[in-house]
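Pasted below: model.cif, mmCIF, C-alpha atoms.
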```cif
data_run
loop_
_atom_site.group_PDB
_atom_site.id
_atom_site.type_symbol
_atom_site.label_atom_id
_atom_site.label_comp_id
_atom_site.auth_asym_id
_atom_site.auth_seq_id
_atom_site.Cartn_x
_atom_site.Cartn_y
_atom_site.Cartn_z
ATOM 1 C CA MET A 2 98.013 62.867 128.867
ATOM 2 C CA THR A 3 99.664 65.778 127.057
ATOM 3 C CA ALA A 4 97.756 66.973 124.005
ATOM 4 C CA LYS A 5 99.523 66.502 120.701
ATOM 5 C CA ARG A 6 100.923 69.725 119.274
ATOM 6 C CA VAL A 7 100.026 70.326 115.637
ATOM 7 C CA VAL A 8 101.488 72.798 113.145
ATOM 8 C CA LEU A 9 100.564 73.367 109.516
ATOM 9 C CA VAL A 10 103.438 74.227 107.183
ATOM 10 C CA THR A 11 102.726 75.871 103.832
ATOM 11 C CA ALA A 12 105.189 77.152 101.252
ATOM 12 C CA HIS A 13 105.403 79.042 97.983
ATOM 13 C CA THR A 14 106.272 75.900 96.024
ATOM 14 C CA GLY A 15 107.160 77.934 92.952
ATOM 15 C CA ARG A 16 110.400 78.866 94.727
ATOM 16 C CA SER A 17 112.991 76.167 95.281
ATOM 17 C CA ALA A 18 114.261 77.996 98.381
ATOM 18 C CA ALA A 19 110.794 77.801 99.915
ATOM 19 C CA VAL A 20 110.546 74.067 99.225
ATOM 20 C CA ASP A 21 113.974 73.375 100.722
ATOM 21 C CA SER A 22 113.135 75.491 103.758
ATOM 22 C CA ALA A 23 109.796 73.743 104.193
ATOM 23 C CA ARG A 24 111.494 70.338 104.264
ATOM 24 C CA MET A 25 113.923 71.516 106.910
ATOM 25 C CA VAL A 26 111.148 73.057 109.018
ATOM 26 C CA ILE A 27 108.976 69.945 108.792
ATOM 27 C CA GLN A 28 111.790 67.595 109.732
ATOM 28 C CA ARG A 29 112.795 69.779 112.661
ATOM 29 C CA PHE A 30 109.240 69.828 113.988
ATOM 30 C CA LEU A 31 108.893 66.075 113.510
ATOM 31 C CA ASP A 32 112.136 65.464 115.367
ATOM 32 C CA ALA A 33 110.751 67.553 118.238
ATOM 33 C CA GLY A 34 107.674 65.322 118.434
ATOM 34 C CA LEU A 35 105.144 67.668 116.856
ATOM 35 C CA THR A 36 102.535 66.607 114.321
ATOM 36 C CA VAL A 37 103.058 68.392 111.008
ATOM 37 C CA ARG A 38 100.468 68.946 108.305
ATOM 38 C CA VAL A 39 101.035 70.019 104.702
ATOM 39 C CA LEU A 40 98.456 71.010 102.112
ATOM 40 C CA SER A 41 97.582 68.432 99.462
ATOM 41 C CA ALA A 42 98.327 70.906 96.652
ATOM 42 C CA GLU A 43 101.893 71.305 97.960
ATOM 43 C CA ALA A 44 102.615 67.800 99.227
ATOM 44 C CA ASP A 45 104.147 66.411 96.026
ATOM 45 C CA GLU A 46 106.597 69.307 95.673
ATOM 46 C CA ILE A 47 107.590 69.278 99.334
ATOM 47 C CA ALA A 48 107.721 65.466 99.476
ATOM 48 C CA CYS A 49 108.534 65.159 103.157
ATOM 49 C CA ALA A 50 107.854 61.779 104.772
ATOM 50 C CA GLY A 51 106.092 61.849 108.102
ATOM 51 C CA ALA A 52 103.871 64.854 107.434
ATOM 52 C CA ASP A 53 100.091 64.496 107.298
ATOM 53 C CA VAL A 54 98.567 65.631 103.997
ATOM 54 C CA VAL A 55 95.343 67.664 104.283
ATOM 55 C CA PRO A 56 93.204 69.598 101.779
ATOM 56 C CA ALA A 57 93.333 73.384 101.831
ATOM 57 C CA GLY A 58 90.608 75.064 103.841
ATOM 58 C CA SER A 59 89.651 75.918 107.379
ATOM 59 C CA ALA A 60 89.687 72.230 108.385
ATOM 60 C CA ALA A 61 93.423 72.133 107.661
ATOM 61 C CA VAL A 62 94.075 74.173 110.811
ATOM 62 C CA ASP A 63 91.611 72.412 113.101
ATOM 63 C CA ASP A 64 93.282 72.024 116.521
ATOM 64 C CA ALA A 65 96.512 73.457 115.105
ATOM 65 C CA GLU A 66 98.748 75.534 117.348
ATOM 66 C CA MET A 67 100.189 77.562 114.502
ATOM 67 C CA MET A 68 100.497 77.894 110.734
ATOM 68 C CA ILE A 69 103.993 78.416 109.345
ATOM 69 C CA VAL A 70 104.088 80.258 106.011
ATOM 70 C CA LEU A 71 107.250 80.255 103.885
ATOM 71 C CA GLY A 72 107.122 82.860 101.137
ATOM 72 C CA GLY A 73 106.333 86.536 100.754
ATOM 73 C CA ASP A 74 103.476 88.671 102.038
ATOM 74 C CA GLY A 75 101.245 87.305 99.269
ATOM 75 C CA SER A 76 101.676 83.785 100.629
ATOM 76 C CA LEU A 77 100.763 84.963 104.108
ATOM 77 C CA LEU A 78 97.670 86.788 102.866
ATOM 78 C CA ARG A 79 96.574 83.587 101.143
ATOM 79 C CA ALA A 80 97.152 81.585 104.322
ATOM 80 C CA ALA A 81 95.165 84.104 106.359
ATOM 81 C CA GLU A 82 92.029 83.214 104.411
ATOM 82 C CA PHE A 83 91.606 79.959 106.307
ATOM 83 C CA ALA A 84 93.685 80.655 109.440
ATOM 84 C CA ARG A 85 91.547 83.684 110.353
ATOM 85 C CA PRO A 86 88.201 81.872 110.851
ATOM 86 C CA ALA A 87 89.907 79.287 113.068
ATOM 87 C CA GLY A 88 91.792 81.895 115.103
ATOM 88 C CA VAL A 89 95.093 80.118 114.420
ATOM 89 C CA PRO A 90 98.189 82.357 114.547
ATOM 90 C CA LEU A 91 100.393 82.737 111.492
ATOM 91 C CA LEU A 92 104.173 82.762 111.518
ATOM 92 C CA GLY A 93 105.553 84.222 108.291
ATOM 93 C CA VAL A 94 109.061 83.434 107.074
ATOM 94 C CA ASN A 95 110.190 85.983 104.506
ATOM 95 C CA LEU A 96 111.428 84.583 101.217
ATOM 96 C CA GLY A 97 110.214 87.559 99.213
ATOM 97 C CA HIS A 98 111.352 91.167 99.064
ATOM 98 C CA VAL A 99 110.279 93.543 101.839
ATOM 99 C CA GLY A 100 108.042 91.090 103.688
ATOM 100 C CA PHE A 101 106.522 93.336 106.349
ATOM 101 C CA LEU A 102 104.078 90.659 107.498
ATOM 102 C CA ALA A 103 106.803 88.076 108.035
ATOM 103 C CA GLU A 104 108.216 87.522 111.499
ATOM 104 C CA ALA A 105 111.412 85.681 110.585
ATOM 105 C CA GLU A 106 113.984 85.727 107.803
ATOM 106 C CA VAL A 107 115.189 82.544 106.169
ATOM 107 C CA GLU A 108 118.669 83.064 107.643
ATOM 108 C CA ASN A 109 117.403 82.426 111.188
ATOM 109 C CA LEU A 110 114.813 79.811 110.282
ATOM 110 C CA ALA A 111 116.234 77.040 112.481
ATOM 111 C CA VAL A 112 116.228 79.287 115.534
ATOM 112 C CA ALA A 113 112.681 80.403 114.727
ATOM 113 C CA VAL A 114 111.502 76.787 114.635
ATOM 114 C CA ASP A 115 113.194 76.119 117.971
ATOM 115 C CA SER A 116 111.405 79.149 119.440
ATOM 116 C CA VAL A 117 108.059 77.666 118.393
ATOM 117 C CA VAL A 118 108.959 74.236 119.761
ATOM 118 C CA GLU A 119 109.955 75.774 123.083
ATOM 119 C CA GLY A 120 106.856 77.989 123.205
ATOM 120 C CA ARG A 121 108.894 81.206 123.150
ATOM 121 C CA TYR A 122 106.416 83.379 121.284
ATOM 122 C CA ASP A 123 103.486 85.716 121.799
ATOM 123 C CA VAL A 124 100.421 86.226 119.636
ATOM 124 C CA GLU A 125 99.189 89.645 118.568
ATOM 125 C CA GLU A 126 95.931 90.487 116.854
ATOM 126 C CA ARG A 127 95.772 92.627 113.735
ATOM 127 C CA MET A 128 92.564 94.391 112.847
ATOM 128 C CA THR A 129 90.805 93.579 109.586
ATOM 129 C CA ILE A 130 88.239 95.347 107.402
ATOM 130 C CA GLU A 131 84.731 94.132 106.612
ATOM 131 C CA VAL A 132 83.722 95.019 103.052
ATOM 132 C CA THR A 133 80.323 94.907 101.366
ATOM 133 C CA ALA A 134 79.195 96.238 97.987
ATOM 134 C CA ARG A 135 75.607 96.792 96.854
ATOM 135 C CA LEU A 136 73.692 98.177 93.925
ATOM 136 C CA ASN A 137 70.142 99.349 94.651
ATOM 137 C CA GLY A 138 70.052 97.062 97.686
ATOM 138 C CA LYS A 139 71.354 93.993 95.832
ATOM 139 C CA LEU A 140 74.470 92.469 97.426
ATOM 140 C CA LEU A 141 77.379 92.376 94.993
ATOM 141 C CA ALA A 142 80.231 91.473 97.349
ATOM 142 C CA ASP A 143 80.756 90.447 100.960
ATOM 143 C CA SER A 144 84.409 90.077 101.893
ATOM 144 C CA TRP A 145 87.205 91.222 104.215
ATOM 145 C CA ALA A 146 90.813 92.402 104.097
ATOM 146 C CA LEU A 147 93.863 92.382 106.336
ATOM 147 C CA ASN A 148 95.905 94.951 104.408
ATOM 148 C CA GLU A 149 93.470 96.948 102.329
ATOM 149 C CA ALA A 150 90.340 97.074 100.232
ATOM 150 C CA THR A 151 90.520 99.211 97.079
ATOM 151 C CA VAL A 152 87.994 100.534 94.639
ATOM 152 C CA GLU A 153 89.788 101.109 91.333
ATOM 153 C CA LYS A 154 88.952 102.170 87.811
ATOM 154 C CA SER A 155 88.234 99.386 85.345
ATOM 155 C CA GLU A 156 88.759 101.409 82.167
ATOM 156 C CA ARG A 157 88.519 105.185 82.286
ATOM 157 C CA MET A 158 88.976 107.433 85.300
ATOM 158 C CA LEU A 159 86.923 106.539 88.353
ATOM 159 C CA GLU A 160 84.434 109.103 89.631
ATOM 160 C CA VAL A 161 83.694 108.368 93.266
ATOM 161 C CA VAL A 162 82.230 110.118 96.302
ATOM 162 C CA ALA A 163 83.753 109.262 99.663
ATOM 163 C CA GLU A 164 81.618 109.151 102.798
ATOM 164 C CA ILE A 165 82.687 108.980 106.441
ATOM 165 C CA ASP A 166 80.230 108.197 109.235
ATOM 166 C CA GLY A 167 77.219 108.880 107.064
ATOM 167 C CA ARG A 168 78.395 112.275 105.783
ATOM 168 C CA PRO A 169 79.836 113.044 102.327
ATOM 169 C CA LEU A 170 83.508 114.013 102.360
ATOM 170 C CA SER A 171 84.590 114.674 98.781
ATOM 171 C CA ARG A 172 84.206 113.636 95.189
ATOM 172 C CA TRP A 173 87.310 112.505 93.361
ATOM 173 C CA GLY A 174 88.158 111.784 89.776
ATOM 174 C CA CYS A 175 90.943 109.301 90.370
ATOM 175 C CA ASP A 176 92.529 105.945 89.633
ATOM 176 C CA GLY A 177 91.085 104.534 92.829
ATOM 177 C CA VAL A 178 90.711 104.811 96.597
ATOM 178 C CA ILE A 179 92.389 102.613 99.217
ATOM 179 C CA CYS A 180 90.918 101.781 102.608
ATOM 180 C CA ALA A 181 93.723 100.282 104.693
ATOM 181 C CA THR A 182 94.464 99.017 108.174
ATOM 182 C CA PRO A 183 97.636 99.942 110.085
ATOM 183 C CA THR A 184 99.024 96.574 108.933
ATOM 184 C CA GLY A 185 98.349 97.610 105.341
ATOM 185 C CA SER A 186 99.877 101.064 105.774
ATOM 186 C CA THR A 187 103.234 99.676 104.590
ATOM 187 C CA ALA A 188 101.694 97.966 101.554
ATOM 188 C CA TYR A 189 99.628 99.473 98.706
ATOM 189 C CA ALA A 190 98.650 102.518 100.777
ATOM 190 C CA PHE A 191 102.334 103.290 101.314
ATOM 191 C CA SER A 192 102.986 103.180 97.557
ATOM 192 C CA ALA A 193 100.085 105.600 97.029
ATOM 193 C CA GLY A 194 101.562 108.138 99.456
ATOM 194 C CA GLY A 195 99.730 107.176 102.620
ATOM 195 C CA PRO A 196 101.220 107.458 106.111
ATOM 196 C CA VAL A 197 103.029 104.672 107.923
ATOM 197 C CA VAL A 198 100.978 103.715 110.973
ATOM 198 C CA TRP A 199 102.396 101.638 113.826
ATOM 199 C CA PRO A 200 100.563 98.264 114.066
ATOM 200 C CA GLU A 201 99.331 98.839 117.620
ATOM 201 C CA VAL A 202 97.552 102.055 116.586
ATOM 202 C CA GLU A 203 93.853 101.443 116.012
ATOM 203 C CA ALA A 204 92.753 103.417 112.968
ATOM 204 C CA LEU A 205 91.507 103.192 109.408
ATOM 205 C CA LEU A 206 93.220 104.876 106.465
ATOM 206 C CA LEU A 207 91.586 106.379 103.382
ATOM 207 C CA VAL A 208 94.059 107.083 100.570
ATOM 208 C CA PRO A 209 93.019 108.423 97.131
ATOM 209 C CA ILE A 210 95.119 107.221 94.191
ATOM 210 C CA SER A 211 96.175 109.941 91.720
ATOM 211 C CA ALA A 212 93.133 112.087 92.451
ATOM 212 C CA HIS A 213 92.407 115.153 90.310
ATOM 213 C CA ALA A 214 91.400 117.397 93.205
ATOM 214 C CA LEU A 215 92.799 120.134 95.403
ATOM 215 C CA PHE A 216 91.868 118.112 98.491
ATOM 216 C CA SER A 217 93.109 114.561 98.127
ATOM 217 C CA ARG A 218 95.265 114.021 101.188
ATOM 218 C CA PRO A 219 95.470 110.630 102.921
ATOM 219 C CA LEU A 220 93.148 110.476 105.909
ATOM 220 C CA VAL A 221 93.456 108.638 109.224
ATOM 221 C CA VAL A 222 90.089 108.099 110.905
ATOM 222 C CA SER A 223 88.711 106.372 113.973
ATOM 223 C CA PRO A 224 88.618 102.550 113.942
ATOM 224 C CA ARG A 225 84.919 102.918 114.766
ATOM 225 C CA SER A 226 84.221 105.000 111.659
ATOM 226 C CA ARG A 227 82.136 103.638 108.832
ATOM 227 C CA LEU A 228 83.461 104.451 105.377
ATOM 228 C CA ALA A 229 81.660 104.289 102.065
ATOM 229 C CA LEU A 230 82.634 104.840 98.438
ATOM 230 C CA GLU A 231 79.925 105.502 95.859
ATOM 231 C CA VAL A 232 80.778 104.840 92.213
ATOM 232 C CA GLN A 233 79.150 107.611 90.222
ATOM 233 C CA THR A 234 76.726 106.828 87.419
ATOM 234 C CA GLU A 235 78.872 108.469 84.730
ATOM 235 C CA THR A 236 81.701 106.048 85.495
ATOM 236 C CA ALA A 237 81.992 103.083 83.148
ATOM 237 C CA GLY A 238 82.463 100.770 86.122
ATOM 238 C CA ALA A 239 84.982 99.878 88.771
ATOM 239 C CA VAL A 240 86.725 96.965 90.457
ATOM 240 C CA LEU A 241 86.795 96.106 94.159
ATOM 241 C CA TRP A 242 89.930 94.318 95.358
ATOM 242 C CA CYS A 243 90.430 92.837 98.821
ATOM 243 C CA ASP A 244 94.097 92.323 99.686
ATOM 244 C CA GLY A 245 94.818 92.134 95.963
ATOM 245 C CA ARG A 246 93.430 88.580 96.003
ATOM 246 C CA ARG A 247 89.650 88.738 95.809
ATOM 247 C CA ARG A 248 88.157 90.724 92.925
ATOM 248 C CA PHE A 249 84.598 91.934 92.420
ATOM 249 C CA ASP A 250 83.324 93.922 89.449
ATOM 250 C CA LEU A 251 81.324 97.023 90.354
ATOM 251 C CA PRO A 252 78.806 98.574 87.965
ATOM 252 C CA ALA A 253 78.150 102.299 87.884
ATOM 253 C CA GLY A 254 76.076 103.335 90.881
ATOM 254 C CA ALA A 255 77.520 100.679 93.211
ATOM 255 C CA ARG A 256 78.126 101.543 96.867
ATOM 256 C CA VAL A 257 80.987 99.983 98.831
ATOM 257 C CA GLU A 258 80.804 100.086 102.625
ATOM 258 C CA LEU A 259 83.823 99.441 104.831
ATOM 259 C CA ARG A 260 84.262 99.149 108.567
ATOM 260 C CA ARG A 261 86.376 97.374 111.135
ATOM 261 C CA ALA A 262 85.653 93.655 111.189
ATOM 262 C CA GLU A 263 85.062 91.781 114.427
ATOM 263 C CA LEU A 264 87.408 88.926 113.511
ATOM 264 C CA PRO A 265 91.152 89.769 113.528
ATOM 265 C CA VAL A 266 94.113 87.962 112.013
ATOM 266 C CA ARG A 267 96.506 86.572 114.630
ATOM 267 C CA LEU A 268 100.268 86.788 114.074
ATOM 268 C CA ALA A 269 102.955 85.025 116.091
ATOM 269 C CA ARG A 270 105.810 87.125 117.462
ATOM 270 C CA LEU A 271 108.937 85.243 118.495
ATOM 271 C CA HIS A 272 111.165 85.848 121.497
ATOM 272 C CA GLY A 273 114.909 86.074 121.566
ATOM 273 C CA LEU A 274 115.902 86.549 117.930
ATOM 274 C CA GLU A 275 118.047 89.489 117.017
ATOM 275 C CA ASP A 276 115.818 90.639 114.171
ATOM 276 C CA THR A 277 112.426 89.430 115.433
ATOM 277 C CA GLY A 278 110.290 90.741 118.215
ATOM 278 C CA ALA A 279 112.010 94.063 117.525
ATOM 279 C CA PRO A 280 110.274 97.444 117.816
ATOM 280 C CA PHE A 281 108.426 98.499 114.682
ATOM 281 C CA THR A 282 110.884 101.378 114.288
ATOM 282 C CA ASP A 283 113.703 98.861 113.875
ATOM 283 C CA ARG A 284 111.683 96.993 111.285
ATOM 284 C CA LEU A 285 111.159 100.148 109.251
ATOM 285 C CA VAL A 286 114.878 100.883 109.348
ATOM 286 C CA ALA A 287 115.776 97.327 108.317
ATOM 287 C CA LYS A 288 113.138 96.852 105.610
ATOM 288 C CA PHE A 289 113.721 100.220 103.916
ATOM 289 C CA ASP A 290 117.423 100.469 104.716
ATOM 290 C CA LEU A 291 116.855 103.873 106.319
ATOM 291 C CA PRO A 292 119.927 105.990 107.115
ATOM 292 C CA VAL A 293 120.452 106.323 110.861
ATOM 293 C CA GLN A 294 124.127 107.253 110.919
ATOM 294 C CA GLY A 295 124.838 109.888 113.547
ATOM 295 C CA TRP A 296 122.212 108.705 116.016
ATOM 296 C CA ARG A 297 123.690 108.830 119.507
ATOM 297 C CA GLY A 298 120.686 107.755 121.544
ATOM 298 C CA ARG A 299 119.276 109.178 124.721
ATOM 299 C CA VAL A 300 121.759 110.849 127.026
ATOM 300 C CA ARG A 301 121.915 108.750 130.180
ATOM 301 C CA PRO A 302 122.567 110.322 133.622
#
```
The structure given in the file should be rewritten as structure tokens.
Amino acid sequence: MTAKRVVLVTAHTGRSAAVDSARMVIQRFLDAGLTVRVLSAEADEIACAGADVVPAGSAAVDDAEMMIVLGGDGSLLRAAEFARPAGVPLLGVNLGHVGFLAEAEVENLAVAVDSVVEGRYDVEERMTIEVTARLNGKLLADSWALNEATVEKSERMLEVVAEIDGRPLSRWGCDGVICATPTGSTAYAFSAGGPVVWPEVEALLLVPISAHALFSRPLVVSPRSRLALEVQTETAGAVLWCDGRRRFDLPAGARVELRRAELPVRLARLHGLEDTGAPFTDRLVAKFDLPVQGWRGRVRP
């Protein structure tokens, strides 16, 4: 007996386009014989007969083949919070602006659904960051991030000492410091002047934000490195953010430790679509509308 295929569909219900797209996706999956789940908090807005309604949480993706996320990168980061522990791959459909985490655009949504139904996709793993914060040995925060973890000022300028692999690197008076993954290199770290890192590169990024220092360049370090940020005692306090979603207040003297997490986030990559499964270079060109006029390509013999 063939096992029933299950997909969870979630949408940014504050956008009418996302709701309409979710209804189309659900109906298309149902017509193909798949079981479709929707979250209870979104069920009334989506209002699609035939879908199973489940509460949000890790149980929502139990035995699911995939989670389809219609919205922007923020929606996908939210979905990753319960897809990650279950190891369920995410397929993002961009209804936002840049949408670097998304695999498909709304214009080719029907073809994307067909690719899932026909099993024409791969799954890639994206590294995540494990984050802990302590004060005099007391645990203040224990979290993780797919894009980045940031320590930022709460009021006045942040005074922080950065540490790499147990050795002090520099002290910065700054607005904050970003620790990012390659996935997050095109997010907040990019806005702060950090480098763009191809997703398959294994590395961690450390990017100071508006630092008052002669040495404040973005750093790319080994994925095995252990990073730490110590909030200095003369600082009024700071804030730890993980993916811009989970916030923790940090008193003066707090120490934040960051390293590669063991558990990745899994993303689905589709086959056969003109603008999906493309090299990361093509994505950069498309997302940022980069000028490539005059490129002739490699001279072939």
Between atom CA of Gly93 of chain A and atom CA of Pro219 of chain A - distance in Å to one decimal: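 Here the two named atoms are 28.8 Å from each other.
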Hits from the PyMOL selection byres ((chain A and resi 260) around 10), listed as a list in words: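 Evaluating the PyMOL selection byres ((chain A and resi 260) around 10) on these coordinates yields Thr129, Ile130, Glu131, Val132, Thr133, Trp145, Asp166, Cys180, Leu205, Pro224, Arg225, Ser226, Arg227, Leu228, Ala229, Glu258, Leu259, Arg261, Ala262 and Glu263 of chain A.
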Two-atom distance - atom CA of Glu126 of chain A, atom CA of Asn148 of chain A (Å):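 One can read the atom CA of Glu126 of chain A to atom CA of Asn148 of chain A distance as 13.2 Å.
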Who sits within 10 Å of Ser211 of chain A, only C-alpha atoms, same chain under 2 positions skipped, as a VMD selection string: chain A and resid 158 173 to 178 193 to 194 208 to 209 213 to 214 217
Near-segment 150-154 of chain A list (7 Å; only C-alpha atoms; drop same-chain fewer than 3 positions) as a PyMOL selection string: chain A and resi 146+157-159+176-181+238-244
Put those residues in a file: C-alpha atoms, as a PDB file, keeping the file's coordinate frame.
```pdb
ATOM      1  CA  ALA A 146      90.813  92.402 104.097  1.00  0.00           C
ATOM      2  CA  ARG A 157      88.519 105.185  82.286  1.00  0.00           C
ATOM      3  CA  MET A 158      88.976 107.433  85.300  1.00  0.00           C
ATOM      4  CA  LEU A 159      86.923 106.539  88.353  1.00  0.00           C
ATOM      5  CA  ASP A 176      92.529 105.945  89.633  1.00  0.00           C
ATOM      6  CA  GLY A 177      91.085 104.534  92.829  1.00  0.00           C
ATOM      7  CA  VAL A 178      90.711 104.811  96.597  1.00  0.00           C
ATOM      8  CA  ILE A 179      92.389 102.613  99.217  1.00  0.00           C
ATOM      9  CA  CYS A 180      90.918 101.781 102.608  1.00  0.00           C
ATOM     10  CA  ALA A 181      93.723 100.282 104.693  1.00  0.00           C
ATOM     11  CA  GLY A 238      82.463 100.770  86.122  1.00  0.00           C
ATOM     12  CA  ALA A 239      84.982  99.878  88.771  1.00  0.00           C
ATOM     13  CA  VAL A 240      86.725  96.965  90.457  1.00  0.00           C
ATOM     14  CA  LEU A 241      86.795  96.106  94.159  1.00  0.00           C
ATOM     15  CA  TRP A 242      89.930  94.318  95.358  1.00  0.00           C
ATOM     16  CA  CYS A 243      90.430  92.837  98.821  1.00  0.00           C
ATOM     17  CA  ASP A 244      94.097  92.323  99.686  1.00  0.00           C
TER      18      ASP A 244
END
```
Could you get me a file of segment 109-184 of chain A with C-alpha atoms, as an mmCIF file, in the first residue's frame, taken from the block above?
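Printed below is selection.cif as written:
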```cif
data_model
loop_
_atom_site.group_PDB
_atom_site.id
_atom_site.type_symbol
_atom_site.label_atom_id
_atom_site.label_comp_id
_atom_site.auth_asym_id
_atom_site.auth_seq_id
_atom_site.Cartn_x
_atom_site.Cartn_y
_atom_site.Cartn_z
ATOM 1 C CA ASN A 109 5.079 30.066 -11.888
ATOM 2 C CA LEU A 110 3.197 28.734 -8.879
ATOM 3 C CA ALA A 111 1.144 26.148 -10.785
ATOM 4 C CA VAL A 112 4.252 24.662 -12.366
ATOM 5 C CA ALA A 113 5.979 24.623 -8.975
ATOM 6 C CA VAL A 114 3.099 22.648 -7.466
ATOM 7 C CA ASP A 115 3.242 20.178 -10.350
ATOM 8 C CA SER A 116 6.980 19.742 -9.740
ATOM 9 C CA VAL A 117 6.266 18.785 -6.125
ATOM 10 C CA VAL A 118 3.478 16.403 -7.128
ATOM 11 C CA GLU A 119 5.766 14.713 -9.640
ATOM 12 C CA GLY A 120 8.673 14.565 -7.180
ATOM 13 C CA ARG A 121 10.895 16.773 -9.347
ATOM 14 C CA TYR A 122 12.853 18.452 -6.572
ATOM 15 C CA ASP A 123 15.963 18.094 -4.448
ATOM 16 C CA VAL A 124 16.514 19.059 -0.829
ATOM 17 C CA GLU A 125 19.500 21.076 0.342
ATOM 18 C CA GLU A 126 20.566 21.756 3.900
ATOM 19 C CA ARG A 127 21.354 25.241 5.151
ATOM 20 C CA MET A 128 23.524 25.681 8.199
ATOM 21 C CA THR A 129 22.122 27.391 11.281
ATOM 22 C CA ILE A 130 23.630 29.117 14.319
ATOM 23 C CA GLU A 131 23.295 28.016 17.936
ATOM 24 C CA VAL A 132 23.063 31.002 20.281
ATOM 25 C CA THR A 133 23.339 31.177 24.063
ATOM 26 C CA ALA A 134 23.601 34.177 26.386
ATOM 27 C CA ARG A 135 24.724 34.136 30.020
ATOM 28 C CA LEU A 136 25.430 36.521 32.844
ATOM 29 C CA ASN A 137 27.770 35.248 35.565
ATOM 30 C CA GLY A 138 26.895 31.679 34.590
ATOM 31 C CA LYS A 139 23.123 32.249 34.585
ATOM 32 C CA LEU A 140 21.453 31.307 31.285
ATOM 33 C CA LEU A 141 19.623 34.257 29.754
ATOM 34 C CA ALA A 142 18.858 32.882 26.288
ATOM 35 C CA ASP A 143 19.127 29.625 24.367
ATOM 36 C CA SER A 144 18.074 29.936 20.742
ATOM 37 C CA TRP A 145 19.120 29.503 17.103
ATOM 38 C CA ALA A 146 19.061 31.369 13.796
ATOM 39 C CA LEU A 147 18.974 30.560 10.101
ATOM 40 C CA ASN A 148 19.934 34.013 8.818
ATOM 41 C CA GLU A 149 21.645 35.802 11.667
ATOM 42 C CA ALA A 150 21.901 36.516 15.360
ATOM 43 C CA THR A 151 22.575 40.142 16.323
ATOM 44 C CA VAL A 152 23.584 41.889 19.488
ATOM 45 C CA GLU A 153 22.350 45.481 19.256
ATOM 46 C CA LYS A 154 22.235 48.575 21.411
ATOM 47 C CA SER A 155 19.082 49.088 23.445
ATOM 48 C CA GLU A 156 19.543 52.802 24.125
ATOM 49 C CA ARG A 157 22.990 54.344 23.852
ATOM 50 C CA MET A 158 25.949 53.047 21.875
ATOM 51 C CA LEU A 159 26.885 49.429 22.485
ATOM 52 C CA GLU A 160 30.346 48.698 23.858
ATOM 53 C CA VAL A 161 31.252 45.122 23.023
ATOM 54 C CA VAL A 162 34.342 42.925 22.810
ATOM 55 C CA ALA A 163 34.377 40.292 20.087
ATOM 56 C CA GLU A 164 36.058 36.936 20.644
ATOM 57 C CA ILE A 165 36.934 34.228 18.125
ATOM 58 C CA ASP A 166 37.991 30.735 19.196
ATOM 59 C CA GLY A 167 38.677 31.804 22.750
ATOM 60 C CA ARG A 168 40.857 34.806 21.866
ATOM 61 C CA PRO A 169 39.842 38.490 21.992
ATOM 62 C CA LEU A 170 39.634 40.157 18.587
ATOM 63 C CA SER A 171 38.584 43.770 19.099
ATOM 64 C CA ARG A 172 36.459 46.118 21.123
ATOM 65 C CA TRP A 173 33.879 48.164 19.275
ATOM 66 C CA GLY A 174 31.676 51.072 20.159
ATOM 67 C CA CYS A 175 28.887 50.402 17.700
ATOM 68 C CA ASP A 176 25.190 50.019 16.990
ATOM 69 C CA GLY A 177 25.543 46.256 17.053
ATOM 70 C CA VAL A 178 27.284 43.157 15.717
ATOM 71 C CA ILE A 179 25.816 40.574 13.333
ATOM 72 C CA CYS A 180 26.761 36.905 13.269
ATOM 73 C CA ALA A 181 25.383 35.465 10.029
ATOM 74 C CA THR A 182 25.330 32.279 8.001
ATOM 75 C CA PRO A 183 25.921 32.213 4.230
ATOM 76 C CA THR A 184 22.118 32.098 3.879
#
```
